[in-house]
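File shown here: input.cif, holding mmCIF, C-alpha atoms.
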data_structure
loop_
_atom_site.label_atom_id
_atom_site.label_comp_id
_atom_site.auth_asym_id
_atom_site.auth_seq_id
_atom_site.Cartn_x
_atom_site.Cartn_y
_atom_site.Cartn_z
CA MET A 1005 -2.42 9.96 36.37
CA ILE A 1006 -2.88 7.18 33.83
CA THR A 1007 -6.22 5.82 32.63
CA CYS A 1008 -7.13 2.34 31.43
CA TRP A 1009 -10.17 2.22 29.12
CA LEU A 1010 -11.49 -1.31 28.66
CA SER A 1011 -14.07 -2.19 26.00
CA LEU A 1012 -16.72 -4.81 26.80
CA HIS A 1013 -17.70 -5.06 23.12
CA ASP A 1014 -15.94 -5.09 19.77
CA THR A 1015 -15.68 -1.43 18.75
CA GLN A 1016 -16.02 -0.01 15.26
CA ALA A 1017 -15.39 3.34 13.64
CA ASP A 1018 -19.07 4.35 13.31
CA ALA A 1019 -20.06 3.33 16.84
CA GLY A 1020 -18.59 6.36 18.56
CA PRO A 1021 -15.29 4.87 19.65
CA LEU A 1022 -13.01 6.66 22.06
CA GLU A 1023 -10.51 8.81 20.16
CA PHE A 1024 -7.23 10.36 21.19
CA VAL A 1025 -5.34 13.37 19.90
CA ARG A 1026 -1.85 12.10 19.23
CA GLY A 1027 0.91 13.84 21.16
CA SER A 1028 -1.44 16.22 22.97
CA HIS A 1029 -0.10 15.22 26.40
CA GLU A 1030 2.88 17.40 25.59
CA TRP A 1031 0.88 20.51 24.64
CA PRO A 1032 0.84 23.49 27.02
CA LYS A 1033 -1.67 23.03 29.82
CA SER A 1034 -5.16 24.48 29.38
CA PRO A 1035 -6.99 26.45 32.08
CA PRO A 1036 -8.52 24.11 34.65
CA ALA A 1037 -12.20 23.47 33.97
CA ARG A 1038 -14.59 20.66 34.51
CA SER A 1039 -15.50 19.18 31.16
CA GLN A 1040 -19.06 18.76 30.02
CA PHE A 1041 -19.70 15.05 29.77
CA HIS A 1042 -22.56 15.38 27.29
CA ALA A 1043 -20.78 17.64 24.89
CA PRO A 1044 -21.71 20.22 22.29
CA ASP A 1045 -21.74 19.30 18.61
CA ASP A 1046 -18.00 19.53 18.03
CA TRP A 1047 -16.39 17.07 20.42
CA LEU A 1048 -12.96 18.38 19.47
CA GLU A 1049 -13.78 21.98 20.32
CA GLY A 1050 -11.59 22.08 23.43
CA ALA A 1051 -8.67 20.40 21.72
CA ARG A 1052 -8.84 22.80 18.77
CA GLU A 1053 -8.65 25.75 21.16
CA ALA A 1054 -5.63 24.21 22.87
CA LEU A 1055 -3.83 23.26 19.62
CA PRO A 1056 -0.35 24.84 19.58
CA GLU A 1057 0.76 26.79 16.51
CA ASN A 1058 2.36 24.76 13.72
CA VAL A 1059 0.95 21.52 15.09
CA GLU A 1060 -1.48 19.39 13.11
CA LEU A 1061 -4.40 17.87 14.99
CA GLU A 1062 -4.39 14.08 14.49
CA THR A 1063 -7.08 11.89 16.04
CA VAL A 1064 -6.76 8.14 16.50
CA PRO A 1065 -9.86 5.96 17.17
CA VAL A 1066 -9.68 3.03 19.58
CA VAL A 1067 -10.97 0.18 17.40
CA VAL A 1068 -10.46 -3.02 19.37
CA LYS A 1069 -12.01 -6.38 20.15
CA ALA A 1070 -14.01 -7.00 23.31
CA GLY A 1071 -11.48 -7.25 26.11
CA GLY A 1072 -9.12 -4.84 24.40
CA GLY A 1073 -8.75 -1.19 25.18
CA SER A 1074 -6.27 1.56 25.77
CA PHE A 1075 -4.14 3.39 28.29
CA HIS A 1076 -3.73 7.14 28.16
CA HIS A 1077 -1.77 9.87 29.90
CA GLY A 1078 -3.79 12.21 32.12
CA LEU A 1079 -3.08 15.19 29.86
CA THR A 1080 -3.99 13.53 26.55
CA TRP A 1081 -7.03 15.09 24.86
CA HIS A 1082 -9.72 12.49 24.23
CA GLY A 1083 -13.41 12.22 23.46
CA SER A 1084 -15.88 10.46 21.20
CA ALA A 1085 -18.32 11.10 18.39
CA PRO A 1086 -21.94 9.87 18.37
CA ASN A 1087 -22.69 6.17 18.10
CA THR A 1088 -24.33 6.22 14.67
CA SER A 1089 -24.21 2.49 14.02
CA GLY A 1090 -27.86 1.96 14.90
CA THR A 1091 -27.22 -1.51 16.28
CA VAL A 1092 -23.91 -1.64 18.14
CA ALA A 1093 -23.92 -0.78 21.84
CA ARG A 1094 -20.73 0.26 23.51
CA MET A 1095 -19.99 -0.57 27.13
CA ALA A 1096 -16.66 0.40 28.63
CA LEU A 1097 -15.02 0.29 32.04
CA VAL A 1098 -12.51 2.98 32.90
CA SER A 1099 -9.93 3.00 35.71
CA HIS A 1100 -8.15 6.22 36.59
CA LEU A 1101 -4.96 5.29 38.44
CA ILE A 1102 -2.63 7.60 40.35
CA PRO A 1103 0.84 7.17 41.85
CA ILE A 1104 0.88 5.34 45.15
CA GLU A 1105 2.45 8.32 46.92
CA THR A 1106 -0.38 10.74 45.98
CA ARG A 1107 -1.77 12.83 48.84
CA PHE A 1108 -4.56 15.39 49.18
CA HIS A 1109 -3.64 19.00 48.43
CA GLU A 1110 -3.42 21.17 51.56
CA THR A 1111 -5.89 23.82 50.36
CA ASN A 1112 -7.60 22.79 47.12
CA VAL A 1113 -11.06 21.27 47.53
CA ASP A 1114 -12.87 18.92 45.15
CA VAL A 1115 -16.66 18.87 45.21
CA THR A 1116 -16.76 15.06 45.32
CA TYR A 1117 -13.48 13.62 46.48
CA SER A 1118 -12.80 15.88 49.45
CA ARG A 1119 -15.55 13.86 51.14
CA TYR A 1120 -12.90 11.21 51.64
CA ARG A 1121 -10.28 13.46 53.23
CA LYS A 1122 -9.83 12.91 56.94
CA ARG A 1123 -9.49 15.98 59.17
CA GLY A 1124 -5.86 16.92 59.76
CA ASP A 1125 -4.59 14.15 57.49
CA LEU A 1126 -3.51 14.48 53.85
CA SER A 1127 -3.13 10.74 53.22
CA LEU A 1128 -5.46 8.80 50.94
CA ASP A 1129 -7.36 6.17 52.93
CA GLU A 1130 -7.06 2.71 51.40
CA SER A 1131 -10.75 2.07 52.01
CA PHE A 1132 -11.48 4.62 49.28
CA PHE A 1133 -8.22 4.77 47.29
CA PRO A 1134 -6.83 1.22 47.56
CA VAL A 1135 -3.36 0.31 46.32
CA VAL A 1136 -3.88 -2.06 43.40
CA TRP A 1137 -0.23 -2.75 42.59
CA ASP A 1138 3.17 -1.86 44.01
CA GLU A 1139 6.66 -2.98 43.02
CA SER A 1140 7.24 -4.16 46.58
CA GLY A 1141 4.43 -6.67 46.24
CA TYR A 1142 2.15 -4.73 48.57
CA ARG A 1143 -1.54 -4.59 47.69
CA THR A 1144 -4.34 -3.28 49.91
CA PRO A 1145 -5.24 -6.38 51.96
CA TRP A 1146 -9.05 -6.25 51.58
CA LEU A 1147 -8.74 -6.57 47.78
CA ALA A 1148 -8.01 -10.28 48.32
CA GLU A 1149 -11.72 -10.69 49.17
CA LEU A 1150 -12.81 -9.74 45.63
CA PRO A 1151 -13.87 -12.46 43.16
CA ASP A 1152 -11.33 -13.91 40.72
CA LEU A 1153 -12.48 -13.02 37.20
CA ASP A 1154 -9.89 -15.12 35.36
CA MET B 49 -4.10 -12.56 28.81
CA ILE B 50 -1.50 -9.81 28.56
CA GLU B 51 0.74 -9.81 31.63
CA SER B 52 3.33 -7.24 30.57
CA LEU B 53 3.98 -4.75 27.78
CA THR B 54 6.93 -4.58 25.41
CA PRO B 55 9.53 -1.80 25.44
CA GLY B 56 8.10 -0.71 22.08
CA GLN B 57 4.62 -0.31 23.59
CA VAL B 58 6.05 1.76 26.44
CA GLU B 59 7.85 3.95 23.90
CA THR B 60 4.62 4.41 21.92
CA PHE B 61 2.77 5.48 25.06
CA GLN B 62 5.43 8.01 25.96
CA ARG B 63 5.55 9.44 22.42
CA ASP B 64 1.83 9.54 21.61
CA GLY B 65 0.29 9.92 25.07
CA PHE B 66 -1.71 6.72 24.64
CA LEU B 67 -1.42 3.03 23.80
CA ILE B 68 -4.10 0.93 22.10
CA VAL B 69 -4.21 -2.77 22.99
CA GLU B 70 -6.37 -4.72 20.55
CA GLU B 71 -7.32 -7.58 22.88
CA GLY B 72 -6.34 -9.59 25.95
CA LEU B 73 -6.71 -7.09 28.79
CA VAL B 74 -9.52 -9.06 30.42
CA SER B 75 -10.89 -12.60 30.28
CA ASP B 76 -14.00 -13.66 28.34
CA ARG B 77 -15.59 -14.71 31.63
CA ALA B 78 -15.03 -11.27 33.09
CA LEU B 79 -16.57 -9.63 30.01
CA GLU B 80 -19.71 -11.71 30.35
CA LEU B 81 -20.04 -11.01 34.08
CA LEU B 82 -19.43 -7.30 33.64
CA ARG B 83 -22.05 -6.90 30.90
CA ASP B 84 -24.62 -8.54 33.18
CA ARG B 85 -23.69 -6.33 36.12
CA TYR B 86 -23.96 -3.18 33.97
CA LEU B 87 -27.64 -3.96 33.39
CA CYS B 88 -28.23 -4.28 37.15
CA LEU B 89 -26.26 -1.16 38.01
CA PHE B 90 -28.10 1.04 35.54
CA ASP B 91 -31.37 -0.30 36.94
CA GLY B 92 -30.25 0.95 40.35
CA GLU B 93 -29.55 -2.50 41.78
CA TYR B 94 -26.42 -2.25 43.90
CA GLU B 95 -24.97 -5.52 45.18
CA THR B 96 -23.24 -3.89 48.16
CA GLY B 97 -26.14 -1.55 48.95
CA ILE B 98 -23.89 1.45 48.22
CA ARG B 99 -24.78 3.95 45.49
CA PRO B 100 -21.94 4.92 43.12
CA ASP B 101 -20.41 8.35 43.82
CA GLU B 102 -22.01 9.71 40.64
CA VAL B 103 -25.07 8.40 38.78
CA ASN B 104 -25.34 10.31 35.52
CA TRP B 105 -28.23 8.45 33.97
CA VAL B 106 -31.41 7.11 35.59
CA PRO B 107 -34.04 5.10 33.67
CA GLY B 108 -37.30 6.99 33.37
CA ARG B 109 -35.70 10.25 34.48
CA ASP B 110 -33.15 10.84 31.72
CA PRO B 111 -33.53 10.72 27.94
CA GLU B 112 -32.87 7.37 26.33
CA ASP B 113 -30.53 9.05 23.83
CA ARG B 114 -27.88 9.86 26.42
CA THR B 115 -24.63 8.10 27.12
CA ARG B 116 -24.95 6.48 30.54
CA GLN B 117 -22.28 6.87 33.18
CA LEU B 118 -21.60 5.88 36.77
CA CYS B 119 -18.54 6.94 38.77
CA ASN B 120 -16.97 4.69 41.37
CA ALA B 121 -19.31 1.80 40.78
CA TRP B 122 -16.58 -0.40 42.27
CA LYS B 123 -18.05 0.55 45.63
CA SER B 124 -21.41 -0.86 44.50
CA ASP B 125 -20.49 -4.14 42.86
CA SER B 126 -17.85 -6.80 43.52
CA VAL B 127 -17.40 -7.80 39.86
CA VAL B 128 -16.78 -4.21 38.79
CA ALA B 129 -14.44 -3.86 41.77
CA ALA B 130 -12.50 -6.99 40.82
CA GLN B 131 -11.75 -5.57 37.38
CA VAL B 132 -11.24 -1.90 38.29
CA LEU B 133 -8.93 -2.86 41.13
CA SER B 134 -7.18 -5.70 39.31
CA GLU B 135 -3.51 -6.24 39.98
CA ARG B 136 -2.84 -6.89 36.29
CA THR B 137 -4.29 -3.56 35.14
CA GLY B 138 -2.40 -1.76 37.88
CA ARG B 139 0.87 -3.39 36.92
CA LEU B 140 0.48 -2.57 33.22
CA ALA B 141 -0.47 1.02 33.98
CA ALA B 142 2.49 1.46 36.30
CA GLN B 143 4.82 0.02 33.68
CA LEU B 144 3.63 2.58 31.11
CA ALA B 145 3.60 5.57 33.44
CA GLY B 146 6.83 4.73 35.24
CA TYR B 147 5.16 4.64 38.66
CA ARG B 148 6.50 2.38 41.42
CA GLY B 149 2.93 1.70 42.52
CA VAL B 150 -0.62 2.77 41.73
CA ARG B 151 -3.89 3.26 43.56
CA ILE B 152 -7.37 3.88 42.20
CA LEU B 153 -8.67 7.42 41.96
CA GLN B 154 -11.98 6.79 40.23
CA ASP B 155 -13.75 4.46 37.85
CA ASN B 156 -16.26 5.23 35.09
CA VAL B 157 -18.88 2.72 34.00
CA LEU B 158 -19.97 3.76 30.51
CA TRP B 159 -22.80 2.55 28.30
CA LYS B 160 -23.29 4.20 24.93
CA PRO B 161 -26.37 2.72 23.22
CA PRO B 162 -26.71 2.79 19.42
CA GLY B 163 -27.62 6.10 17.84
CA ARG B 164 -26.79 8.10 20.96
CA ARG B 165 -25.18 11.44 21.62
CA ARG B 166 -21.47 11.96 21.69
CA SER B 167 -19.58 12.41 24.92
CA GLY B 168 -17.31 15.34 25.44
CA SER B 169 -13.71 15.97 24.58
CA THR B 170 -11.55 16.50 27.57
CA ARG B 171 -8.34 16.01 29.27
CA THR B 172 -9.14 13.69 32.14
CA ARG B 173 -10.21 15.81 35.05
CA ARG B 174 -7.16 16.44 37.16
CA THR B 175 -8.53 16.27 40.64
CA PRO B 176 -7.48 19.53 42.28
CA THR B 177 -7.37 17.98 45.72
CA THR B 178 -4.47 15.72 45.02
CA SER B 179 -0.81 16.21 44.43
CA SER B 180 1.87 13.71 43.67
CA ARG B 181 5.58 13.53 43.35
CA PRO B 182 6.62 11.93 40.08
CA ARG B 183 9.39 9.44 40.36
#

Let's see the structure in the file written out as structure tokens.
Amino acid sequence: MITCWLSLHDTQADAGPLEFVRGSHEWPKSPPARSQFHAPDDWLEGAREALPENVELETVPVVVKAGGGSFHHGLTWHGSAPNTSGTVARMALVSHLIPIETRFHETNVDVTYSRYRKRGDLSLDESFFPVVWDESGYRTPWLAELPDLD
Amino acid sequence: MIESLTPGQVETFQRDGFLIVEEGLVSDRALELLRDRYLCLFDGEYETGIRPDEVNWVPGRDPEDRTRQLCNAWKSDSVVAAQVLSERTGRLAAQLAGYRGVRILQDNVLWKPPGRRRSGSTRTRRTPTTSSRPR
């Protein structure tokens, strides 16, 4: 999975920007757990626990102009500190994208997304998981009905 | 507008696990439209009549000092859908990840007002219901 994080405002270091831990996509995998969206005081707590020996933890803030953003690997540790600016809001739009050939797992169940699994069928329905780009030129047909934002 | 990424940017993504793009991922017009739609969505006004899959902040119910989040708001609003499901974003993401094609799993609509709480550190939730074959 790859994620696009798009900022709708200019971001700044004291406004709680998204931050990444450099190189953490290559660390050993952590036990599966749903993260707590509204986190405890140390937003890096999970990453510190996962930090391999002899590796230095390096965070990089996403400081960009409105309309800028980032892409990150599905295994990259990320989070954000409080927005302490007092005046600067931060709106962002995030797209989590998966390979076109992705299918439901035969036995694992997700509390939300298994709603969209059809009985006896492991395929992802394009009404709920549309194809946004493919090298063949294919794109889920109903997406042509969406407004042009350019 | 950025239509493709350089080999150096792809290399940075593969080495660091992320790539920061300072500007040019979306048009000024789209930014303006999206900011307006965020206000409607967080007021519970859904253009399509469909509620997002997750609504993690409701005015009057939740503290004002919380980061506000919706999941899969593309199902609720055509402007959000146009950006989340944009061909350009999909193409750039596929270029970085080395995928031959991409589909949406989920969106997050985030609004972090000034002086608000942090949001958590995480690896993006890896949905346990899906599997894929890397190419």

Quiz prompt | Within 12 Å of file point (-6.9, 4.7, 46.0), counting only C-alpha atoms, expressed as number ranges by chain | solution = A: 1005, 1099-1108, 1117, 1120-1121, 1127-1137, 1143-1144, 1147; B: 120, 122-123, 132-133, 138, 149-155, 178

Write the selection just made, keeping C-alpha atoms, as a short mmCIF file (atom, residue, chain, number, x, y, z; two decimals), keeping the file's coordinate frame?
data_model
loop_
_atom_site.label_atom_id
_atom_site.label_comp_id
_atom_site.auth_asym_id
_atom_site.auth_seq_id
_atom_site.Cartn_x
_atom_site.Cartn_y
_atom_site.Cartn_z
CA MET A 1005 -2.42 9.96 36.37
CA SER A 1099 -9.93 3.00 35.71
CA HIS A 1100 -8.15 6.22 36.59
CA LEU A 1101 -4.96 5.29 38.44
CA ILE A 1102 -2.63 7.60 40.35
CA PRO A 1103 0.84 7.17 41.85
CA ILE A 1104 0.88 5.34 45.15
CA GLU A 1105 2.45 8.32 46.92
CA THR A 1106 -0.38 10.74 45.98
CA ARG A 1107 -1.77 12.83 48.84
CA PHE A 1108 -4.56 15.39 49.18
CA TYR A 1117 -13.48 13.62 46.48
CA TYR A 1120 -12.90 11.21 51.64
CA ARG A 1121 -10.28 13.46 53.23
CA SER A 1127 -3.13 10.74 53.22
CA LEU A 1128 -5.46 8.80 50.94
CA ASP A 1129 -7.36 6.17 52.93
CA GLU A 1130 -7.06 2.71 51.40
CA SER A 1131 -10.75 2.07 52.01
CA PHE A 1132 -11.48 4.62 49.28
CA PHE A 1133 -8.22 4.77 47.29
CA PRO A 1134 -6.83 1.22 47.56
CA VAL A 1135 -3.36 0.31 46.32
CA VAL A 1136 -3.88 -2.06 43.40
CA TRP A 1137 -0.23 -2.75 42.59
CA ARG A 1143 -1.54 -4.59 47.69
CA THR A 1144 -4.34 -3.28 49.91
CA LEU A 1147 -8.74 -6.57 47.78
CA ASN B 120 -16.97 4.69 41.37
CA TRP B 122 -16.58 -0.40 42.27
CA LYS B 123 -18.05 0.55 45.63
CA VAL B 132 -11.24 -1.90 38.29
CA LEU B 133 -8.93 -2.86 41.13
CA GLY B 138 -2.40 -1.76 37.88
CA GLY B 149 2.93 1.70 42.52
CA VAL B 150 -0.62 2.77 41.73
CA ARG B 151 -3.89 3.26 43.56
CA ILE B 152 -7.37 3.88 42.20
CA LEU B 153 -8.67 7.42 41.96
CA GLN B 154 -11.98 6.79 40.23
CA ASP B 155 -13.75 4.46 37.85
CA THR B 178 -4.47 15.72 45.02
#

Quiz item: Could you state the separation of CA of Gly1072 in chain A and CA of Pro161 in chain B in Å, given to one decimal place?
Solution: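 Atom-to-atom, CA of Gly1072 in chain A and CA of Pro161 in chain B are spaced 18.9 Å apart.
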
Quiz item: Residues picked by the PyMOL selection byres ((chain A and resi 1078-1080) around 9) here, as a ChimeraX atom specification?
Solution: /A:1005-1007,1024-1031,1033,1076-1077,1081-1082,1100 /B:64-66,170-174

Quiz prompt | Non-local contacts of Gly1073 in chain A (8 Å; only C-alpha atoms; under 5 positions in same chain excluded) as JSON, numbers by chain | solution = {"A": [1008, 1009, 1010, 1011, 1066, 1068], "B": [68, 69, 70, 71, 73]}

Quiz item: By how many Å are CA of Asp101 in chain B and CA of Leu140 in chain B apart?
Solution: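 So the two atoms, CA of Asp101 in chain B and CA of Leu140 in chain B, lie 25.8 Å apart.
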
Exercise. Find the distance between CA of Glu1049 in chain A and CA of Arg116 in chain B and write it in Å to one decimal.
Key: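 Computing it gives 21.7 Å between the two atoms.
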
Exercise. Translate the PyMOL selection byres ((chain B and resi 124-126) around 10), as applied to the file shown, into an explicit residue set as a PyMOL selection string.
Key: (chain A and resi 1149-1151) or (chain B and resi 82+85-86+88-89+92-101+120-123+127-132)

Just C-alpha atoms for this one: save the residues we selected as a short mmCIF file (atom, residue, chain, number, x, y, z; two decimals), in the frame of the given file.
data_model
loop_
_atom_site.label_atom_id
_atom_site.label_comp_id
_atom_site.auth_asym_id
_atom_site.auth_seq_id
_atom_site.Cartn_x
_atom_site.Cartn_y
_atom_site.Cartn_z
CA GLU A 1149 -11.72 -10.69 49.17
CA LEU A 1150 -12.81 -9.74 45.63
CA PRO A 1151 -13.87 -12.46 43.16
CA LEU B 82 -19.43 -7.30 33.64
CA ARG B 85 -23.69 -6.33 36.12
CA TYR B 86 -23.96 -3.18 33.97
CA CYS B 88 -28.23 -4.28 37.15
CA LEU B 89 -26.26 -1.16 38.01
CA GLY B 92 -30.25 0.95 40.35
CA GLU B 93 -29.55 -2.50 41.78
CA TYR B 94 -26.42 -2.25 43.90
CA GLU B 95 -24.97 -5.52 45.18
CA THR B 96 -23.24 -3.89 48.16
CA GLY B 97 -26.14 -1.55 48.95
CA ILE B 98 -23.89 1.45 48.22
CA ARG B 99 -24.78 3.95 45.49
CA PRO B 100 -21.94 4.92 43.12
CA ASP B 101 -20.41 8.35 43.82
CA ASN B 120 -16.97 4.69 41.37
CA ALA B 121 -19.31 1.80 40.78
CA TRP B 122 -16.58 -0.40 42.27
CA LYS B 123 -18.05 0.55 45.63
CA VAL B 127 -17.40 -7.80 39.86
CA VAL B 128 -16.78 -4.21 38.79
CA ALA B 129 -14.44 -3.86 41.77
CA ALA B 130 -12.50 -6.99 40.82
CA GLN B 131 -11.75 -5.57 37.38
CA VAL B 132 -11.24 -1.90 38.29
#

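Residue nearest Val74 in chain B within the list B:Asp91, B:Asp113, B:Glu135, B:Glu59: B:Glu135 [criterion: smallest interatomic distance, only C-alpha atoms].
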
Quiz prompt | Nearest to Leu87 in chain B, chosen from A:Val1059, A:Ala1085, A:Met1095, A:Leu1153, with all atoms listed in the file counted in the distances | solution =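 Among the listed residues, the smallest separation from Leu87 in chain B belongs to A:Met1095.
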
I'd like the box whose edges run along x, y and z of the file and which contains every listed atom of range 149-155 of chain B, padded by 8 Å per side; could you state its centre and edge lengths in Å, one decimal, as lines of an AutoDock Vina configuration file?
center_x = -5.4
center_y = 4.6
center_z = 40.7
size_x = 32.7
size_y = 21.7
size_z = 21.7

Exercise. Point out the residue among A:Glu1110, A:Pro1056, A:Val1067, A:Ser1140 with the least atom-to-atom distance to Arg1123 in chain A, counting all atoms listed in the file.
Key: A:Glu1110

Quiz item: Using only C-alpha atoms, which of the listed residues (A:Thr1015, A:Ser1089, A:Asn1058, A:Thr1063) sits closest to chain B?
Solution: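 Closest to chain B, using only C-alpha atoms: A:Ser1089.
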
Exercise. For each of A:Ser1084, A:Glu1062, A:Ala1148, A:Leu1126, take the minimum atom-to-atom distance to chain B, counting only C-alpha atoms, then give the residue where this is smallest.
Key: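 Once distances to chain B are computed over only C-alpha atoms, the minimum belongs to A:Ser1084.
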
Exercise. Name the closest residue to chain B among the candidates A:Thr1088, A:Gln1016, A:Thr1111, A:Ser1034; distances are taken between atoms, counting only C-alpha atoms.
Key: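 Nearest to chain B: A:Thr1088.
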
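Residues captured in this structure file are Arg114, Arg116, Trp159 and Lys160 of chain B, according to the PyMOL selection byres ((chain B and resi 115) around 6).
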